[in-house]
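Participant: Handing you a structure now.
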Amino acid sequence: MNRVYNFSAGPSMLPIEVLEKASKEMTNYNNTGMSVMEMSHRSAAYQDIIDTAEKTLREIMNIPDSYKVLFLQGGASTQFAMIPLNLLTGSKKADYVNTGAWSKKAIAEAKKYGEVNVVASSEDKTFTHIPELDKETFTKDADYFHITSNNTIYGTKFNELPDVGDVPIVADMSSNILSEEVDVSKYGVIYAGAQKNMGPAGVTVVIIREDLIGNPLDITPTMLKYKTHSDKGSMFNTPPTYSIYVAGMVFEWIKELGGIGAIQKRNEEKAKLLYDYLDNSKLFKGTVVKKDRSLMNIPFVLPTDELNAKFIKEAADRGMVNLKGHRTVGGMRASIYNAMPLEGVKKLVDFMKEFEENNK
Ligand code: PMP
């Protein structure tokens, strides 16, 4: 069977070049006579893999030296707890913007450890936009300000960072890390699960300003302290070795393509193709306010549930899979992460045109 175009929200497509390289090295990595999966994380060969992965990530994201890069486990969901446990060290207050299901989970977790101020929410409009932010509502002495930079389920994205003064911005970038250029120095912490734009599930990347690392709440379990992992170069315990190895190859793939700027151009071209079609279609409708549209997750609907189901089935028959939208939005969602080629989006749009023609 040929490979399909996989529009899954995550885990999602990986670059074919990376999969083929991993496949070649599967049983014998770099003449070590073993798979990376079989390798001690304390070996020189593995140390080189994790060091190179970090170095390449620093290079492509232009991460300042005053930030640590950590490769952790437990998914972005564990960060929902680690952030408050490690950062609620002053006023024990934090500001959050509620832009969807993942923000809500982050908020619920933070409420266990401190005072949470939800400064804005788009829940009343089913999260179809990024809410207006009013600086006056921000907590002046907040320990941090949390956003979900890209909302995987609803397909919205922050295009502008709020003006929070000296309060560190913490961003859940799970579904848009490495998709466009960001100025890391504007953030206190960036975190992301790997399984969309970085690699296989199992590793979570945390990029954290050094001064935010050292002072967790007393109740914080050892494994949930950033300091534990930072002091040991993400090797306090066995890290997710294979996921980090593949992520390292994805970072290299981005570098070879010309870096994040080049990937961003590709992503803009891909998203424009689909959005332009949605804007002109008489049958399909995008669900998100134009100015807040994501480059990565594009939800859209047909007029009836029957047509949605028919479209998803016929698309799958043509090798375009996982287009079903999240149950809270319905319809379809095309997740077009870095590894989705332009041809995949072209094929989708061509099929949408054909479907529209046949279902007038
Ligand atoms: N945040 C966002 C924006 C997500 O899209 C997801 C997963 N889809 C999560 C958090 C949860 O990530 P994980 O499954 O790695 O815990």
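In the structure tokens, chains take the letters A, B, ... in the order shown, each chain's residues start at 1, and ligands count up from 1 in the order shown.
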Would you mind listing what lies within 7 Å of A:Glu54 as a count of residues only, with only C-alpha atoms counted and same-chain residues fewer than 4 positions away left out?
Facilitator: 3
Participant: Please find the residues contacting ligand 1 at a distance of at most 6 Å between atoms, with only C-alpha atoms and all ligand atoms counted, and report them as a ChimeraX atom specification.
Facilitator: /A:75-77,102,151-152,172,174-175,193
Participant: Using the selection just defined, write its residues with C-alpha atoms as a PDB file, in the first residue's frame.
Facilitator:
```pdb
ATOM      1  CA  GLY A  75       3.453  15.096  27.302  1.00  0.00           C
ATOM      2  CA  ALA A  76       2.396  18.718  27.255  1.00  0.00           C
ATOM      3  CA  SER A  77      -0.266  17.659  29.779  1.00  0.00           C
ATOM      4  CA  TRP A 102      -6.126  22.625  26.159  1.00  0.00           C
ATOM      5  CA  ASN A 151      -5.315  25.845  19.410  1.00  0.00           C
ATOM      6  CA  THR A 152      -5.209  22.426  17.803  1.00  0.00           C
ATOM      7  CA  ASP A 172       1.966  25.909  25.078  1.00  0.00           C
ATOM      8  CA  SER A 174       2.451  21.935  21.105  1.00  0.00           C
ATOM      9  CA  SER A 175       0.791  22.415  17.733  1.00  0.00           C
ATOM     10  CA  GLY A 193       4.750  17.718  22.979  1.00  0.00           C
TER      11      GLY A 193
END
```
Participant: Skip A:Val4 itself and residues of its chain fewer than 4 positions away, then list as a list of chain:residue names all residues within 8 Å of it, counting only C-alpha atoms.
Facilitator: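 Near neighbours after the sequence-gap exclusion: A:Gly319, A:Met320, A:Val321.
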Participant: For the residues selected in the previous step, produce a file with N, CA and C atoms as a compact mmCIF listing (two decimals), in the first residue's frame.
Facilitator:
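The file below, result-v1.txt, is the result:
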```
# COMPACT_ATOMS: atom_id res chain seq x y z
N GLY A 319 -7.07 8.24 -0.28
CA GLY A 319 -5.76 8.30 0.38
C GLY A 319 -5.52 9.56 1.19
N MET A 320 -6.61 10.24 1.59
CA MET A 320 -6.47 11.41 2.48
C MET A 320 -7.23 11.09 3.77
N VAL A 321 -6.48 10.80 4.82
CA VAL A 321 -7.11 10.21 6.01
C VAL A 321 -7.05 11.14 7.23
```
Participant: Name the closest residue to A:Ser122 among the candidates A:Ile169, A:Leu161, A:Ala44, A:Val288; distances are taken between atoms, counting only C-alpha atoms.
Facilitator: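 Comparing A:Ile169, A:Leu161, A:Ala44, A:Val288 against A:Ser122, the winner is A:Val288.
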Participant: Taking into account only C-alpha atoms, which residue in the set A:Lys225, A:Gln264, A:Ser294, A:Thr241 is nearest to A:Ser149?
Facilitator: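 Closest candidate: A:Ser294.
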Participant: Using only C-alpha atoms, which residues sit within 8 Å of A:Met198 once same-chain residues fewer than 6 positions away are excluded, as a list of chain:residue names?
Facilitator: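 Everything that qualifies: A:Leu178, A:Ala247, A:Val250, A:Phe251.
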Participant: Could you save those same residues with C-alpha atoms as a short mmCIF file (atom, residue, chain, number, x, y, z; two decimals), in the first residue's frame?
Facilitator:
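Result saved to result.cif:
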```cif
data_model
loop_
_atom_site.label_atom_id
_atom_site.label_comp_id
_atom_site.auth_asym_id
_atom_site.auth_seq_id
_atom_site.Cartn_x
_atom_site.Cartn_y
_atom_site.Cartn_z
CA LEU A 178 8.87 25.05 14.53
CA ALA A 247 13.28 14.61 16.82
CA VAL A 250 13.53 16.34 12.21
CA PHE A 251 15.47 19.39 13.47
#
```
Participant: I'd like the neighbourhood of A:Asn159 as a PyMOL selection string, where a residue qualifies if any of its atoms comes within 10 Å (using only C-alpha atoms), though same-chain residues fewer than 3 positions away should be ignored.
Facilitator: chain A and resi 130+149-150+156+162+291-294
Participant: Could you write those residues out with N, CA and C atoms, as a PDB file, in the first residue's frame?
Facilitator:
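Ended up saving to out_14.pdb:
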```
ATOM      1  N   ILE A 130      -9.448  34.399  18.759  1.00  0.00           N
ATOM      2  CA  ILE A 130      -8.611  34.709  19.929  1.00  0.00           C
ATOM      3  C   ILE A 130      -9.227  35.944  20.583  1.00  0.00           C
ATOM      4  N   SER A 149      -0.506  28.944  22.283  1.00  0.00           N
ATOM      5  CA  SER A 149      -0.218  29.785  21.108  1.00  0.00           C
ATOM      6  C   SER A 149      -0.969  29.345  19.861  1.00  0.00           C
ATOM      7  N   ASN A 150      -1.240  28.054  19.756  1.00  0.00           N
ATOM      8  CA  ASN A 150      -2.024  27.537  18.630  1.00  0.00           C
ATOM      9  C   ASN A 150      -3.015  26.517  19.189  1.00  0.00           C
ATOM     10  N   THR A 156      -7.207  28.104  15.879  1.00  0.00           N
ATOM     11  CA  THR A 156      -6.867  29.525  16.053  1.00  0.00           C
ATOM     12  C   THR A 156      -5.429  29.654  16.520  1.00  0.00           C
ATOM     13  N   PRO A 162       0.663  39.356  23.953  1.00  0.00           N
ATOM     14  CA  PRO A 162       0.164  40.442  24.809  1.00  0.00           C
ATOM     15  C   PRO A 162       1.311  41.228  25.434  1.00  0.00           C
ATOM     16  N   LYS A 291      -8.605  36.703  10.989  1.00  0.00           N
ATOM     17  CA  LYS A 291      -7.338  37.238  11.514  1.00  0.00           C
ATOM     18  C   LYS A 291      -6.655  36.285  12.514  1.00  0.00           C
ATOM     19  N   ASP A 292      -7.403  35.324  13.014  1.00  0.00           N
ATOM     20  CA  ASP A 292      -6.856  34.430  14.044  1.00  0.00           C
ATOM     21  C   ASP A 292      -6.617  33.003  13.533  1.00  0.00           C
ATOM     22  N   ARG A 293      -6.601  32.839  12.223  1.00  0.00           N
ATOM     23  CA  ARG A 293      -6.481  31.490  11.670  1.00  0.00           C
ATOM     24  C   ARG A 293      -5.104  30.866  11.893  1.00  0.00           C
ATOM     25  N   SER A 294      -5.150  29.577  12.177  1.00  0.00           N
ATOM     26  CA  SER A 294      -3.930  28.795  12.364  1.00  0.00           C
ATOM     27  C   SER A 294      -3.328  28.412  11.015  1.00  0.00           C
TER      28      SER A 294
END
```
Participant: Kindly give the distance, in Å, that separates atom CA of A:Val97 and atom CA of A:Ile177, rounded to a single decimal.
Facilitator: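 Separating atom CA of A:Val97 from atom CA of A:Ile177 is a distance of 18.5 Å.
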Participant: For each of A:Thr220, A:Ser40, A:Thr137, A:Asn31, take the minimum atom-to-atom distance to A:Ile83, counting only C-alpha atoms, then give the residue where this is smallest.
Facilitator: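 So, comparing all the options, the nearest one is A:Thr220.
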Participant: Could you give me, as an MDAnalysis selection string, each residue of stretch 38-209 of chain A that DSSP assigns to strand (DSSP E or B) when run on this structure's backbone?
Facilitator: chainID A and resid 67:72 93:98 115:121 144:148 150:151 156:157 169:172 189:193 204:209
Participant: Export, as an mmCIF file, in the first residue's frame, the selected residues with C-alpha atoms.
Facilitator:
```cif
data_model
loop_
_atom_site.group_PDB
_atom_site.id
_atom_site.type_symbol
_atom_site.label_atom_id
_atom_site.label_comp_id
_atom_site.auth_asym_id
_atom_site.auth_seq_id
_atom_site.Cartn_x
_atom_site.Cartn_y
_atom_site.Cartn_z
ATOM 1 C CA TYR A 67 17.652 29.442 28.160
ATOM 2 C CA LYS A 68 17.815 25.730 28.941
ATOM 3 C CA VAL A 69 16.427 23.126 26.570
ATOM 4 C CA LEU A 70 14.939 20.111 28.349
ATOM 5 C CA PHE A 71 13.741 16.839 26.859
ATOM 6 C CA LEU A 72 11.073 15.562 29.241
ATOM 7 C CA LYS A 93 -0.954 34.270 41.043
ATOM 8 C CA ALA A 94 -0.985 33.566 37.314
ATOM 9 C CA ASP A 95 -2.915 34.933 34.336
ATOM 10 C CA TYR A 96 -4.325 32.579 31.702
ATOM 11 C CA VAL A 97 -6.117 33.154 28.407
ATOM 12 C CA ASN A 98 -8.800 30.567 27.744
ATOM 13 C CA GLU A 115 -4.697 31.837 42.209
ATOM 14 C CA VAL A 116 -5.619 31.794 38.552
ATOM 15 C CA ASN A 117 -6.998 34.832 36.783
ATOM 16 C CA VAL A 118 -8.594 34.020 33.434
ATOM 17 C CA VAL A 119 -8.043 37.377 31.738
ATOM 18 C CA ALA A 120 -10.001 36.567 28.586
ATOM 19 C CA SER A 121 -11.934 33.726 27.011
ATOM 20 C CA TYR A 144 3.526 34.300 34.765
ATOM 21 C CA PHE A 145 1.053 34.792 31.897
ATOM 22 C CA HIS A 146 -0.031 31.620 30.063
ATOM 23 C CA ILE A 147 -1.249 31.256 26.490
ATOM 24 C CA THR A 148 -1.915 28.327 24.163
ATOM 25 C CA ASN A 150 -2.024 27.537 18.630
ATOM 26 C CA ASN A 151 -5.315 25.845 19.410
ATOM 27 C CA THR A 156 -6.867 29.525 16.053
ATOM 28 C CA LYS A 157 -3.486 31.101 16.683
ATOM 29 C CA ILE A 169 4.982 34.620 29.077
ATOM 30 C CA VAL A 170 4.507 30.857 29.143
ATOM 31 C CA ALA A 171 3.341 29.341 25.867
ATOM 32 C CA ASP A 172 1.966 25.909 25.078
ATOM 33 C CA VAL A 189 8.867 29.182 28.955
ATOM 34 C CA ILE A 190 7.906 27.467 25.707
ATOM 35 C CA TYR A 191 6.708 23.876 25.922
ATOM 36 C CA ALA A 192 5.470 21.394 23.348
ATOM 37 C CA GLY A 193 4.750 17.718 22.979
ATOM 38 C CA THR A 204 8.183 16.990 25.450
ATOM 39 C CA VAL A 205 10.478 19.895 24.714
ATOM 40 C CA VAL A 206 10.709 22.654 27.320
ATOM 41 C CA ILE A 207 12.642 25.830 26.573
ATOM 42 C CA ILE A 208 12.963 27.748 29.810
ATOM 43 C CA ARG A 209 14.708 30.964 30.864
#
```
Participant: For A:Gly155, which residue out of A:Pro239, A:Pro216, A:Gly199, A:Gly100 is the nearest one, using only C-alpha atoms?
Facilitator: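 Nearest to A:Gly155: A:Gly100.
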Participant: Looking only at the backbone, which of the residues in stretch 25-183 of chain A does DSSP tag as alpha helix (DSSP H), as number ranges by chain?
Facilitator: A: 44-61, 75-87, 101-110
Participant: Just to be explicit: take each residue in the selection above, keep N, CA and C atoms, and write the result as a compact mmCIF listing (two decimals), in the first residue's frame.
Facilitator:
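Below is the file out.txt, written as the result:
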```
# COMPACT_ATOMS: atom_id res chain seq x y z
N ALA A 44 28.46 6.97 24.99
CA ALA A 44 28.97 8.13 24.26
C ALA A 44 28.15 8.35 22.99
N ALA A 45 27.76 7.24 22.35
CA ALA A 45 26.99 7.37 21.10
C ALA A 45 25.68 8.08 21.36
N TYR A 46 25.01 7.73 22.49
CA TYR A 46 23.73 8.38 22.76
C TYR A 46 23.91 9.83 23.22
N GLN A 47 24.95 10.06 24.00
CA GLN A 47 25.23 11.44 24.43
C GLN A 47 25.37 12.36 23.21
N ASP A 48 26.02 11.82 22.20
CA ASP A 48 26.20 12.60 20.98
C ASP A 48 24.85 12.87 20.30
N ILE A 49 23.96 11.88 20.34
CA ILE A 49 22.63 12.05 19.71
C ILE A 49 21.85 13.17 20.41
N ILE A 50 21.81 13.14 21.73
CA ILE A 50 21.01 14.14 22.45
C ILE A 50 21.68 15.52 22.38
N ASP A 51 23.00 15.54 22.44
CA ASP A 51 23.71 16.83 22.34
C ASP A 51 23.47 17.47 20.98
N THR A 52 23.53 16.65 19.93
CA THR A 52 23.34 17.18 18.58
C THR A 52 21.90 17.65 18.39
N ALA A 53 20.95 16.89 18.94
CA ALA A 53 19.54 17.30 18.84
C ALA A 53 19.36 18.67 19.48
N GLU A 54 19.91 18.83 20.67
CA GLU A 54 19.77 20.13 21.36
C GLU A 54 20.45 21.25 20.58
N LYS A 55 21.65 20.96 20.09
CA LYS A 55 22.41 21.98 19.36
C LYS A 55 21.64 22.42 18.10
N THR A 56 21.09 21.46 17.39
CA THR A 56 20.36 21.81 16.15
C THR A 56 19.09 22.59 16.48
N LEU A 57 18.40 22.18 17.55
CA LEU A 57 17.18 22.92 17.93
C LEU A 57 17.54 24.36 18.31
N ARG A 58 18.62 24.51 19.08
CA ARG A 58 19.07 25.87 19.46
C ARG A 58 19.36 26.71 18.22
N GLU A 59 19.98 26.05 17.24
CA GLU A 59 20.35 26.76 16.02
C GLU A 59 19.11 27.18 15.24
N ILE A 60 18.19 26.26 15.00
CA ILE A 60 17.05 26.61 14.14
C ILE A 60 16.08 27.57 14.84
N MET A 61 15.97 27.47 16.18
CA MET A 61 15.06 28.40 16.88
C MET A 61 15.78 29.64 17.39
N GLY A 75 4.25 14.29 28.23
CA GLY A 75 3.45 15.10 27.30
C GLY A 75 3.29 16.53 27.76
N ALA A 76 2.68 17.33 26.89
CA ALA A 76 2.40 18.72 27.25
C ALA A 76 1.48 18.75 28.48
N SER A 77 0.67 17.70 28.64
CA SER A 77 -0.27 17.66 29.78
C SER A 77 0.46 17.70 31.12
N THR A 78 1.64 17.12 31.20
CA THR A 78 2.41 17.18 32.45
C THR A 78 2.90 18.62 32.70
N GLN A 79 3.14 19.35 31.62
CA GLN A 79 3.55 20.74 31.77
C GLN A 79 2.44 21.60 32.39
N PHE A 80 1.19 21.18 32.19
CA PHE A 80 0.09 21.93 32.81
C PHE A 80 0.29 22.01 34.32
N ALA A 81 0.89 20.96 34.91
CA ALA A 81 1.19 20.96 36.35
C ALA A 81 2.58 21.50 36.65
N MET A 82 3.54 21.15 35.81
CA MET A 82 4.92 21.59 36.10
C MET A 82 5.06 23.11 36.06
N ILE A 83 4.34 23.75 35.16
CA ILE A 83 4.42 25.21 35.06
C ILE A 83 4.04 25.85 36.40
N PRO A 84 2.82 25.62 36.92
CA PRO A 84 2.50 26.26 38.21
C PRO A 84 3.40 25.78 39.35
N LEU A 85 3.71 24.49 39.40
CA LEU A 85 4.53 23.98 40.51
C LEU A 85 5.89 24.66 40.57
N ASN A 86 6.44 24.98 39.43
CA ASN A 86 7.78 25.56 39.39
C ASN A 86 7.80 27.07 39.32
N LEU A 87 6.71 27.65 38.83
CA LEU A 87 6.75 29.10 38.58
C LEU A 87 5.92 29.93 39.55
N ALA A 101 -9.93 23.86 24.67
CA ALA A 101 -9.89 22.70 25.57
C ALA A 101 -8.54 22.55 26.27
N TRP A 102 -7.45 22.81 25.55
CA TRP A 102 -6.13 22.62 26.16
C TRP A 102 -5.84 23.73 27.16
N SER A 103 -6.27 24.96 26.86
CA SER A 103 -6.13 26.05 27.85
C SER A 103 -6.90 25.69 29.11
N LYS A 104 -8.10 25.15 28.93
CA LYS A 104 -8.93 24.83 30.09
C LYS A 104 -8.26 23.80 30.99
N LYS A 105 -7.62 22.84 30.34
CA LYS A 105 -6.92 21.81 31.13
C LYS A 105 -5.74 22.44 31.88
N ALA A 106 -5.04 23.35 31.22
CA ALA A 106 -3.91 24.03 31.87
C ALA A 106 -4.42 24.86 33.05
N ILE A 107 -5.54 25.53 32.86
CA ILE A 107 -6.12 26.38 33.92
C ILE A 107 -6.54 25.51 35.11
N ALA A 108 -7.22 24.41 34.83
CA ALA A 108 -7.71 23.54 35.90
C ALA A 108 -6.55 23.04 36.76
N GLU A 109 -5.44 22.72 36.10
CA GLU A 109 -4.29 22.19 36.83
C GLU A 109 -3.65 23.29 37.68
N ALA A 110 -3.50 24.48 37.11
CA ALA A 110 -2.86 25.59 37.84
C ALA A 110 -3.66 25.99 39.07
```
Participant: Please compute the atom CA of A:Lys186-atom CA of A:Glu160 distance, one decimal, in Å.
Facilitator: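 The value is 11.3 Å.
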Participant: Of the candidates A:Gln73, A:Met296, A:Tyr226, A:Asn322, which one gets nearest to A:Met173 if we count only C-alpha atoms?
Facilitator: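 Using only C-alpha atoms, the shortest distance to A:Met173 belongs to A:Met296.
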Participant: May I ask which of the residues A:Ile219, A:Ile16, A:Leu283, A:Met340 is the closest one to A:Pro303, counting only C-alpha atoms?
Facilitator: A:Leu283
Participant: Please provide the set of residues having any atom within 10 Å of A:His326, restricted to only C-alpha atoms, with same-chain residues fewer than 2 positions apart removed, written as an mmCIF file with N, CA and C atoms, in the first residue's frame.
Facilitator:
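Listing of selection-v8.cif after writing:
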```cif
data_model
loop_
_atom_site.group_PDB
_atom_site.id
_atom_site.type_symbol
_atom_site.label_atom_id
_atom_site.label_comp_id
_atom_site.auth_asym_id
_atom_site.auth_seq_id
_atom_site.Cartn_x
_atom_site.Cartn_y
_atom_site.Cartn_z
ATOM 1 N N ALA A 9 -4.337 15.288 13.702
ATOM 2 C CA ALA A 9 -3.915 16.393 14.578
ATOM 3 C C ALA A 9 -2.719 16.005 15.437
ATOM 4 N N THR A 152 -5.156 23.582 18.691
ATOM 5 C CA THR A 152 -5.209 22.426 17.803
ATOM 6 C C THR A 152 -6.633 22.045 17.394
ATOM 7 N N ILE A 153 -7.544 22.135 18.348
ATOM 8 C CA ILE A 153 -8.912 21.676 18.086
ATOM 9 C C ILE A 153 -9.693 22.707 17.279
ATOM 10 N N TYR A 154 -9.503 23.986 17.626
ATOM 11 C CA TYR A 154 -10.348 25.041 17.031
ATOM 12 C C TYR A 154 -9.686 25.734 15.853
ATOM 13 N N PRO A 299 -10.030 23.855 10.526
ATOM 14 C CA PRO A 299 -11.339 23.222 10.589
ATOM 15 C C PRO A 299 -12.292 23.814 9.541
ATOM 16 N N LEU A 323 -9.379 13.147 8.486
ATOM 17 C CA LEU A 323 -9.913 14.496 8.264
ATOM 18 C C LEU A 323 -11.109 14.822 9.156
ATOM 19 N N LYS A 324 -11.545 13.860 9.960
ATOM 20 C CA LYS A 324 -12.709 14.117 10.808
ATOM 21 C C LYS A 324 -12.370 15.170 11.860
ATOM 22 N N THR A 328 -16.199 18.431 19.266
ATOM 23 C CA THR A 328 -16.789 19.689 19.741
ATOM 24 C C THR A 328 -16.994 20.708 18.617
ATOM 25 N N VAL A 329 -16.320 20.499 17.495
ATOM 26 C CA VAL A 329 -16.461 21.423 16.358
ATOM 27 C C VAL A 329 -17.264 20.759 15.245
ATOM 28 N N GLY A 330 -17.122 19.456 15.125
ATOM 29 C CA GLY A 330 -17.799 18.714 14.060
ATOM 30 C C GLY A 330 -17.087 18.910 12.730
ATOM 31 N N GLY A 331 -17.714 18.440 11.667
ATOM 32 C CA GLY A 331 -17.155 18.634 10.330
ATOM 33 C C GLY A 331 -15.777 18.038 10.182
ATOM 34 N N MET A 332 -14.914 18.815 9.521
ATOM 35 C CA MET A 332 -13.579 18.326 9.188
ATOM 36 C C MET A 332 -12.512 19.198 9.848
ATOM 37 N N ARG A 333 -11.323 18.614 9.974
ATOM 38 C CA ARG A 333 -10.153 19.409 10.361
ATOM 39 C C ARG A 333 -8.966 18.846 9.594
#
```
